[in-house]
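Visitor: Pasting in a structure now, in structure tokens, and then I'll have a few things to ask.
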Amino acid sequence: MANIIYGMLNVARTALLTQQKALDVTANNIANVNTEGYSRQRVNLAQNEPVYYENGILSTGVQAEQTVQRIYDQFLNAQITEAESDLGRWDAQLETLEKAELMFDETSGYGLNDALSEFWNSWQDLANNPDGYTERATLIGNTENLTDVFNSLSTRLSEVQADSDISITGAVDDINTLTREIASLNLKIAEVEAGGYSANTFRDERDLKLQELSALIDVNSFEDADGYLTITTVNGNTLVDRGNSWELTTHTNGGFEDVFWVSNSGTEENITEGISTGKLKGWIEARDTIIPGYISQLDEIAATIVDAVNDLHEDGTDLYGGNEPEFFIGTNTHASNIAINPDIAADTNLIAAAGAGEAIPGGNENAIAIANLQNSFLISGATIDDVYNSLVSTVGADVSTAQVNSAHQSTVSLQLATYREEVSGVSLDEEMVDLVQFQSAYNAAAKLVSATDEMLATLMNMV
């Protein structure tokens, strides 16, 4: 009889301990209801091993499994990681292109379109009054304004490239920090789980770090049987393996920073071209392809204006009756260095408005010819104005494409995050139901202790 009573006490004891553990886990779920990346946990209950008693089997109560289950969908987490990488690419590209778009704003009245229009109109005004000082001075002023706009556009676009370059070096530093932290978490997880315990907190933290890493650079990852997460670049360069991490670095190449992977032996491999998603890809793509394309088109427009105007101006006649040199100075003209001839800027009489052999003053054939360049098909069968307007449209289209893709990826990421919350998130309603259930079980186990104590006291009194 005493053995049965002591068996009941043991059943009550294990029940109290088990329900207490379940209450602790439920309380932890409730406390982390708003914690980013937290995965809901659950205690799994199982019957204790029964014992044989007087030719029969006697149950011995309940126990909680040592490992607390983490409610987690590995496939869903992989989708979230991939979506974060795609979103990072388009967000970084959009951030860069929006800066460039501001420079092509033609609504303020200070854009290149207005500068070009004033430049061509000045030549037309000069043709109407080829000897007028006011018209010549206005032409000089509008030309200087045009060159300033070209110079400024080119410089500011180059600054956008430089900003992207700085972002790339900063991202590489962040990547190195994250890979070191993930390697450290690998060791913590393996150490805890080797003892048969749950490392759910460390696993949640590691998943968040992996998402942050994926937003910066596209990676592949897999977990081995010991719980270690291995991470590689898409080209197979190892970033994390068990408790070790490999760093990335940057080196200047053509004025900008390329990304290199550093091996254990210290050798470096340029992986810039292999990066396909993540913020690094967005910044690299904008810096090395998109922005240089804008600058190249600006350079072509500037060089075409310089060549066309200079060809006509050198054959014209100034107010001194002579043939003048180039109206714009320099060879290998780019938008960054286009400039008016300083001699002409200092002496408006050197502007060759008259054609060769025309009477001076009064000749205006050359001014008319230069003014007519505005409507001439000088670049691939298009006018200069058309080519510039096409460039502005291209910038707008690139920004729109980045916006659409960023919005789409944001929606995808939000949907996946919502689905993750449905799978792994904490429901306060469910947790409150569990809390009442486990509390009731705990109270019942406590009453079993009291009842067993009374039975034991009665037995002792009988003795």
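Starting from 1 in every chain, residues are counted up; chains themselves are A, B, ... following the order of the structure tokens, and ligands are numbered from 1 as listed.
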DSSP on the backbone, then: every residue of range 57-207 of chain A marked alpha helix (DSSP H), written as a ChimeraX atom specification.

Guide: /A:74-103,112-128,133-194,200-207

Visitor: Leaving out range 195-212 of chain A and any residue of its chain fewer than 4 positions from it, which residues lie within 10 Å of it when counting only C-alpha atoms, given as a ChimeraX atom specification?

Guide: /A:36-41,65-72,77-78,80-85,88,174-175,177-179,181-191,216-217,219,221,227,229,231,278

Visitor: Quick one: residues within 6 Å of range 21-28 of chain A, only C-alpha atoms, excluding same-chain residues fewer than 3 positions away - as a PyMOL selection string?

Guide: chain A and resi 18+31+43

Visitor: For all heavy atoms, I'd like the residues from the last selection saved as a tab-separated table (two decimals), in the first residue's frame.

Guide:
chain	number	residue	atom	x	y	z
A	18	THR	N	6.37	19.07	-14.79
A	18	THR	CA	6.03	19.14	-16.22
A	18	THR	C	5.14	20.35	-16.52
A	18	THR	O	5.39	21.11	-17.47
A	18	THR	CB	5.33	17.85	-16.66
A	18	THR	OG1	6.22	16.75	-16.48
A	18	THR	CG2	4.92	17.93	-18.12
A	31	ALA	N	5.64	36.76	-23.53
A	31	ALA	CA	6.58	37.88	-23.35
A	31	ALA	C	7.20	38.31	-24.67
A	31	ALA	O	7.55	39.47	-24.85
A	31	ALA	CB	7.66	37.47	-22.36
A	43	VAL	N	6.12	22.85	-25.52
A	43	VAL	CA	6.59	21.70	-24.74
A	43	VAL	C	5.79	20.48	-25.16
A	43	VAL	O	4.56	20.50	-25.14
A	43	VAL	CB	6.42	21.96	-23.23
A	43	VAL	CG1	6.77	20.69	-22.45
A	43	VAL	CG2	7.30	23.11	-22.78

Visitor: Excluding Ser410 in chain A and any residue of its chain fewer than 5 positions from it, enumerate the residues within 12 Å of it, using only C-alpha atoms, and give them as a count of residues only.

Guide: 17

Visitor: At a cut-off of 12 Å, using only C-alpha atoms, what residues contact Ser296 in chain A? Leave out same-chain residues fewer than 6 positions from it and give the result as a list in words.

Guide: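 Contacts, in chain order: Leu153, Ser154, Leu157, Ser158, Asp288, Thr289, Ile290, Ala302, Ala303, Thr333, His334, Ala335, Ser336, Tyr388 and Leu391 of chain A.
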
Visitor: In terms of the shortest atom-to-atom distance over only C-alpha atoms, which of A:Asn349, A:Ser413, A:Asn364, A:Asn10 is closest to Gly316 in chain A?

Guide: A:Asn364

Visitor: For a quick check of understanding, using only C-alpha atoms, which of A:Ala162, A:Gln19, A:Trp123, A:Trp261 has the smallest distance to Val436 in chain A?

Guide: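 Ranking A:Ala162, A:Gln19, A:Trp123, A:Trp261 by distance to Val436 in chain A, first place goes to A:Gln19.
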
Visitor: Which residue is closest to Gln20 in chain A? Choose from A:Thr458, A:Val306, A:Ala445, A:Glu193 and count only C-alpha atoms.

Guide: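 So, comparing all the options, the nearest one is A:Ala445.
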
Visitor: Would you mind reading off the distance between CA of Thr138 in chain A and CA of Ser122 in chain A, one decimal, in Å?

Guide: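 CA of Thr138 in chain A sits 6.7 Å away from CA of Ser122 in chain A.
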
Visitor: Please indicate the distance in Å from CA of Thr60 in chain A to CA of Glu454 in chain A, rounded to one decimal place.

Guide: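 A separation of 19.7 Å between them.
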
Visitor: Do you have the CA of Gly243 in chain A-CA of Thr277 in chain A distance handy?

Guide: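 Separation of CA of Gly243 in chain A and CA of Thr277 in chain A: 25.8 Å.
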
Visitor: Find the spatial neighbours of Val51 in chain A, counting only C-alpha atoms, within a cut-off of 10 Å - ignore same-chain residues fewer than 5 positions away - and output them as number ranges by chain.

Guide: A: 7, 56-60

Visitor: For the residues selected in the previous step, produce a file with N, CA, C and O atoms as a short mmCIF file (atom, residue, chain, number, x, y, z; two decimals), in the first residue's frame.

Guide:
data_model
loop_
_atom_site.label_atom_id
_atom_site.label_comp_id
_atom_site.auth_asym_id
_atom_site.auth_seq_id
_atom_site.Cartn_x
_atom_site.Cartn_y
_atom_site.Cartn_z
N GLY A 7 4.20 5.99 -5.06
CA GLY A 7 4.12 6.10 -6.52
C GLY A 7 3.24 7.26 -6.94
O GLY A 7 3.54 7.99 -7.89
N GLY A 56 0.98 -6.71 -12.98
CA GLY A 56 0.32 -5.74 -13.85
C GLY A 56 1.25 -4.56 -14.16
O GLY A 56 2.40 -4.53 -13.73
N ILE A 57 0.76 -3.63 -14.94
CA ILE A 57 1.55 -2.44 -15.31
C ILE A 57 0.91 -1.23 -14.64
O ILE A 57 -0.30 -1.02 -14.74
N LEU A 58 1.75 -0.45 -13.99
CA LEU A 58 1.28 0.73 -13.28
C LEU A 58 1.85 1.98 -13.95
O LEU A 58 3.07 2.11 -14.11
N SER A 59 0.98 2.91 -14.38
CA SER A 59 1.44 4.15 -15.01
C SER A 59 2.15 5.03 -13.99
O SER A 59 1.82 5.00 -12.79
N THR A 60 3.09 5.81 -14.47
CA THR A 60 3.90 6.64 -13.56
C THR A 60 3.82 8.12 -13.89
O THR A 60 4.70 8.90 -13.53
#

Visitor: If we count only C-alpha atoms and set the cut-off at 9 Å, which residues sit around Asn337 in chain A, ignoring sequence neighbours fewer than 4 positions away in its own chain? Please answer as a list of chain:residue names.

Guide: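 Counting only the stated atoms, we get A:Thr147, A:Phe150, A:Asn151, A:Gly330, A:Thr333.
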
Visitor: Of the candidates A:Glu358, A:Thr143, A:Asn310, A:Gly254, which shows the shortest atom-to-atom distance to Thr331 in chain A, using only C-alpha atoms?

Guide: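 Answer, going by the shortest atom-to-atom distance: A:Asn310.
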
Visitor: Taking the DSSP secondary structure from the backbone, can you list the residues of range 161-259 of chain A that are strand (DSSP E), as a list in words?

Guide: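 Checking each residue of range 161-259 of chain A, the strand (DSSP E) ones are Val219, Asn220, Ser221, Phe222, Glu223, Leu229, Thr230, Ile231, Thr232, Thr233, Thr238, Leu239, Val240, Asp241, Asn244, Ser245, Leu248, Thr249, Thr250, His251, Thr252, Asn253, Phe256, Glu257, Asp258 and Val259 of chain A.
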
Visitor: Restricting the calculation to only C-alpha atoms, which member of A:Ser214, A:Tyr294, A:Val192, A:Asp318 is positioned closest to Asp226 in chain A?

Guide: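 The answer is A:Val192, which sits nearest to Asp226 in chain A.
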
Visitor: Counting only C-alpha atoms, which residue out of A:Ile291, A:Leu312, A:Val395, A:Leu239 sits closest to Phe104 in chain A?

Guide: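 Nearest to Phe104 in chain A: A:Val395.
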